[in-house]
Amino acid sequence: MNPAPRILNPSPQMTKENSSPQRNTEKIHPPCASVSSSKAGGSKPLPEWLNPEPWLDLEITAADVERALGAESPNERELAALLSPVAADFLEPMAQRAQAITRRHFGRTISLYTPLYLSNFCNGGCLYCGIAGDRRATRAVLGEVQLRNEMAAIKSMKLEELVLLTGERMPEADVPYLRDCIAIASEYIHNVTIEVFPMEESEYHELAQAGCTGLSLYQETYDQEVYEKMHRWGDKRDFFNRIDAADRALRGGLRTIGIGALLGLADPRFDMLCVYRHAKYLLKNYWRAGVSISFPRINPQLGGFKADHPVDEKMLAQYIFAMRICLPEVPLVLSPREPQRVRDSMAGLGISKMSVASKTTVGGYSDDSEESTEQFSISDERAIPEFCDMLRAKGLDPVFKNWEAAYREPTHYGAAEV
Ligand code: SF4
């Protein structure tokens with residue numbers, strides 16, 4: 001039986017009467033227990049199904065890239081060729097092949113969604129993040145009134161797909177809070193997904209029962225050494241707990257899973273091959289699941305983190321084309337971290353899904369003056385009409401809704417199917 005929805009957090013700051021988000025501008029110091037109990041990456045090797053090493057050492061030639069471009073069923077070998085520096089000279093034929101494949105599988109459609117930050121409270125120690133626990137950030141968490149205001153603002157934009165975001169698991173934004181937010185958001189929007197901290201299977205199931213349909217959880221990097229360096233403390237240091245969360249979410253009843261690596265943290269070829277192998281693993285083991293891939297790059301944020309492995313716009317394009325060629329049916333997603341010129345040029349050339357009109361402050365849709373600290377800066381701030389005009393000028397169709405709430409029942413995988 002479904003658990004009865006709680007009316008958000010019953011703390012004084014979160015009652016229905018309260019009209020502004022709960023706030024805090026202090027650093028959130030990492031709890032000692034969390035530091036000492038957290039497991040860093042590097043304790044065991046990557047599992048065979050994920051390890052990209054055999055393909056990283058290949059000597060790639062121009063002939064290999066040409067072969068990869070013509071391959072009927074490309075796999076790791078072809079992907080390694082298309083990701084290689086040698087393939088940088090083949091951007092034009094890669095773009096043409098990526099566009100043809102995108103047209104075949106997605107038509108001229110670009111699915112649109114928007115993110116909604118529920119809370120930017122976080123005690124995580126991620127070096128690259130503007131709201132890590134040691135940043136003097138302005139923090140806020142939505143109560144019911146603000147959430148409903150945000151949902152009304154988003155609904156008025158005709159959007160029907162939403163990603164709810166938080167930082168790490170915190171008292172201000174825990175699983176019951178999320179469950180209540182999902183139930184409320186589902187009253188307004190057909191497709192409500194989450195991009196939050198990793199959970200247990202039973203917790204994902206609870207969220208699926210409340211109306212959640214999918215999870216985005218980016219590994220950030222699959223390089224365990226870099227992962228350990230980037231995640232200084234907190235639950236997120238547990239590398240394998242994060243990798244395995246996708247399995248737990250799908251077994252818990254969520255329908256879709258979005259994966260990716262934060263480009264710039266580690267060798268992007270290593271990470272892209274891992275993302276590919278992770279997607280293949282999930283598609284094979286959870287055949288009913290929708291798997292998508294995002295391509296976030298390091299962006300300016302509070303704390304001034306600089307990427308050790310910067311990925312420029314040409315490299316980003318190459319990686320998107322390579323992934324499209326090797327995973328023809330997987331939706332590829334581009335966020336508004338990217339500048340307009342990149343988003344415009346990638347739409348339909350591999351990318352089939354984009355966020356739009358995004359706000360990365362807590363409460364930013366219904367209150368222009370909202371000043372909570374952003375996790376990262378938005379580069380493409382166009383409103384929906386302007387963005388859709390751009391898509392139509394390129395012969396593409398913006399899609400606001402491709403999913404019915406009537407199909408929101410959780411998915412079930414029997415043990416034999418997994
Ligand atoms: S990346 Fe996520 S977990 Fe890490 S500090 Fe930022 S919000 Fe917290």
# chains A, B, ... in the order shown; residues from 1 in each chain; ligands from 1
$ residues_around --residues "Phe270 of chain A" --least-positions-apart "6" --cutoff "9 Å" --atoms "only C-alpha atoms" --output "ChimeraX atom specification"
/A:52-53,56,221-223
$ select_by_dssp --residues "segment 229-314 of chain A" --states "strand (DSSP E)" --output "list of chain:residue names"
A:Thr256, A:Ile257, A:Gly258, A:Ile259, A:Gly260, A:Gly290, A:Val291, A:Ser292, A:Ile293, A:Ser294
$ residues_near_ligand --ligand "ligand 1" --cutoff "10 Å" --atoms "only C-alpha atoms and all ligand atoms" --output "ChimeraX atom specification"
/A:119-135,165-170,195-198,218,220,230-237,374-376
$ closest_residue --among "A:Ser352, A:Ala347, A:Gly290, A:Leu118" --to "Glu172 of chain A" --atoms "only C-alpha atoms"
A:Leu118
$ closest_residue --among "A:Ala153, A:Leu164, A:Leu273, A:Leu254" --to "Glu206 of chain A" --atoms "only C-alpha atoms"
A:Leu254
$ residues_around --residues "Lys280 of chain A" --least-positions-apart "6" --cutoff "10 Å" --atoms "only C-alpha atoms" --output "list in words"
Trp49, Leu50, Asn75, Cys274, Tyr286, Val291, Leu327 and Val330 of chain A
$ write_last_selection --atoms "N, CA and C atoms" --output "PDB file, in the first residue's frame"
ATOM      1  N   TRP A  49      32.656  -5.683 -16.587  1.00  0.00           N
ATOM      2  CA  TRP A  49      31.654  -5.127 -17.504  1.00  0.00           C
ATOM      3  C   TRP A  49      31.811  -3.618 -17.693  1.00  0.00           C
ATOM      4  N   LEU A  50      32.612  -2.982 -16.830  1.00  0.00           N
ATOM      5  CA  LEU A  50      32.752  -1.529 -16.897  1.00  0.00           C
ATOM      6  C   LEU A  50      34.142  -1.093 -17.347  1.00  0.00           C
ATOM      7  N   ASN A  75      30.921  -1.074 -31.613  1.00  0.00           N
ATOM      8  CA  ASN A  75      31.018  -1.382 -30.184  1.00  0.00           C
ATOM      9  C   ASN A  75      32.210  -0.629 -29.586  1.00  0.00           C
ATOM     10  N   CYS A 274      33.643   4.395 -20.285  1.00  0.00           N
ATOM     11  CA  CYS A 274      32.925   3.841 -19.127  1.00  0.00           C
ATOM     12  C   CYS A 274      31.431   4.141 -19.208  1.00  0.00           C
ATOM     13  N   TYR A 286      18.321  -4.401 -17.764  1.00  0.00           N
ATOM     14  CA  TYR A 286      16.998  -3.823 -17.444  1.00  0.00           C
ATOM     15  C   TYR A 286      16.357  -3.431 -18.774  1.00  0.00           C
ATOM     16  N   VAL A 291      17.350   4.372 -20.958  1.00  0.00           N
ATOM     17  CA  VAL A 291      18.661   4.852 -20.505  1.00  0.00           C
ATOM     18  C   VAL A 291      19.041   6.059 -21.360  1.00  0.00           C
ATOM     19  N   LEU A 327      25.620   4.358 -29.950  1.00  0.00           N
ATOM     20  CA  LEU A 327      24.396   4.047 -29.192  1.00  0.00           C
ATOM     21  C   LEU A 327      23.218   4.721 -29.894  1.00  0.00           C
ATOM     22  N   VAL A 330      19.794   5.615 -27.910  1.00  0.00           N
ATOM     23  CA  VAL A 330      19.823   6.192 -26.558  1.00  0.00           C
ATOM     24  C   VAL A 330      19.659   7.715 -26.636  1.00  0.00           C
TER      25      VAL A 330
END
$ closest_residue --among "A:Arg139, A:Arg269, A:His105, A:Lys306" --to "Thr361 of chain A" --atoms "only C-alpha atoms"
A:Arg139
$ residues_around --residues "Trp55 of chain A" --least-positions-apart "2" --cutoff "8 Å" --atoms "only C-alpha atoms" --output "mmCIF file with N, CA and C atoms, in the first residue's frame"
data_model
loop_
_atom_site.group_PDB
_atom_site.id
_atom_site.type_symbol
_atom_site.label_atom_id
_atom_site.label_comp_id
_atom_site.auth_asym_id
_atom_site.auth_seq_id
_atom_site.Cartn_x
_atom_site.Cartn_y
_atom_site.Cartn_z
ATOM 1 N N PRO A 52 37.300 -0.013 -19.094
ATOM 2 C CA PRO A 52 37.545 0.354 -20.500
ATOM 3 C C PRO A 52 38.979 0.133 -20.954
ATOM 4 N N GLU A 53 39.835 -0.366 -20.054
ATOM 5 C CA GLU A 53 41.274 -0.416 -20.341
ATOM 6 C C GLU A 53 41.619 -1.100 -21.671
ATOM 7 N N ASP A 57 44.153 1.310 -24.852
ATOM 8 C CA ASP A 57 45.538 1.105 -25.287
ATOM 9 C C ASP A 57 45.657 0.854 -26.782
ATOM 10 N N LEU A 58 44.545 0.804 -27.494
ATOM 11 C CA LEU A 58 44.621 0.515 -28.935
ATOM 12 C C LEU A 58 45.336 1.647 -29.667
ATOM 13 N N GLU A 76 32.807 -1.178 -28.525
ATOM 14 C CA GLU A 76 33.861 -0.447 -27.827
ATOM 15 C C GLU A 76 35.030 -0.089 -28.742
ATOM 16 N N ARG A 77 35.392 -1.022 -29.622
ATOM 17 C CA ARG A 77 36.542 -0.775 -30.505
ATOM 18 C C ARG A 77 36.269 0.445 -31.389
ATOM 19 N N ALA A 80 36.220 3.680 -29.293
ATOM 20 C CA ALA A 80 37.575 4.134 -28.949
ATOM 21 C C ALA A 80 38.192 4.879 -30.127
#
$ residues_around --residues "Glu313 of chain A" --least-positions-apart "5" --cutoff "12 Å" --atoms "only C-alpha atoms" --output "list in words"
Ala88, Leu91, Leu263, Gly264, Phe295, Pro296, Arg297, Gln318, Tyr319, Ile320, Glu338, Pro339, Gln340, Arg341, Val342, Arg343, Ser345 and Met346 of chain A
$ write_last_selection --atoms "C-alpha atoms" --output "tab-separated table (two decimals), in the first residue's frame"
chain	number	residue	atom	x	y	z
A	88	ALA	CA	39.24	15.04	-34.54
A	91	LEU	CA	34.33	15.83	-37.41
A	263	LEU	CA	33.74	16.23	-18.50
A	264	GLY	CA	36.97	17.86	-17.41
A	295	PHE	CA	27.40	15.50	-21.36
A	296	PRO	CA	27.94	18.04	-18.55
A	297	ARG	CA	31.22	20.00	-18.65
A	318	GLN	CA	33.26	14.75	-31.22
A	319	TYR	CA	32.23	12.86	-28.08
A	320	ILE	CA	28.53	13.50	-28.72
A	338	GLU	CA	26.55	25.01	-22.57
A	339	PRO	CA	26.51	28.32	-24.44
A	340	GLN	CA	23.85	29.02	-27.04
A	341	ARG	CA	26.13	28.37	-30.01
A	342	VAL	CA	26.97	24.87	-28.74
A	343	ARG	CA	23.34	24.02	-27.94
A	345	SER	CA	24.73	23.45	-33.25
A	346	MET	CA	24.26	20.15	-31.39
$ residues_around --residues "Glu329 of chain A" --least-positions-apart "6" --cutoff "9 Å" --atoms "only C-alpha atoms" --output "NGL selection string"
:A and (101-102 or 105-106)
$ select_by_dssp --residues "segment 139-265 of chain A" --states "alpha helix (DSSP H)" --output "VMD selection string"
chain A and resid 144 to 156 175 to 188 201 to 210 224 to 230 239 to 251
$ closest_residue --among "A:Gln224, A:Ala140, A:Ser294, A:Leu283" --to "Asp267 of chain A" --atoms "only C-alpha atoms"
A:Gln224
$ closest_residue --among "A:Tyr113, A:Gln219, A:Ser73, A:Asp238" --to "His278 of chain A" --atoms "only C-alpha atoms"
A:Gln219
$ residues_around --residues "Glu78 of chain A" --least-positions-apart "4" --cutoff "8 Å" --atoms "only C-alpha atoms" --output "ChimeraX atom specification"
/A:64-65,67-69,71,74,82,326
$ write_last_selection --atoms "C-alpha atoms" --output "compact mmCIF listing (two decimals), in the first residue's frame"
# COMPACT_ATOMS: atom_id res chain seq x y z
CA ASP A 64 40.34 2.70 -37.91
CA VAL A 65 38.22 5.86 -37.73
CA ARG A 67 36.09 1.74 -40.47
CA ALA A 68 34.27 2.87 -37.31
CA LEU A 69 32.26 5.39 -39.31
CA ALA A 71 30.48 -0.05 -39.04
CA PRO A 74 29.79 -0.38 -33.63
CA LEU A 82 35.83 7.78 -32.74
CA CYS A 326 27.68 3.81 -31.14
$ atom_distance --atom1 "atom CA of Ala261 of chain A" --atom2 "atom CA of Lys284 of chain A"
20.3 Å
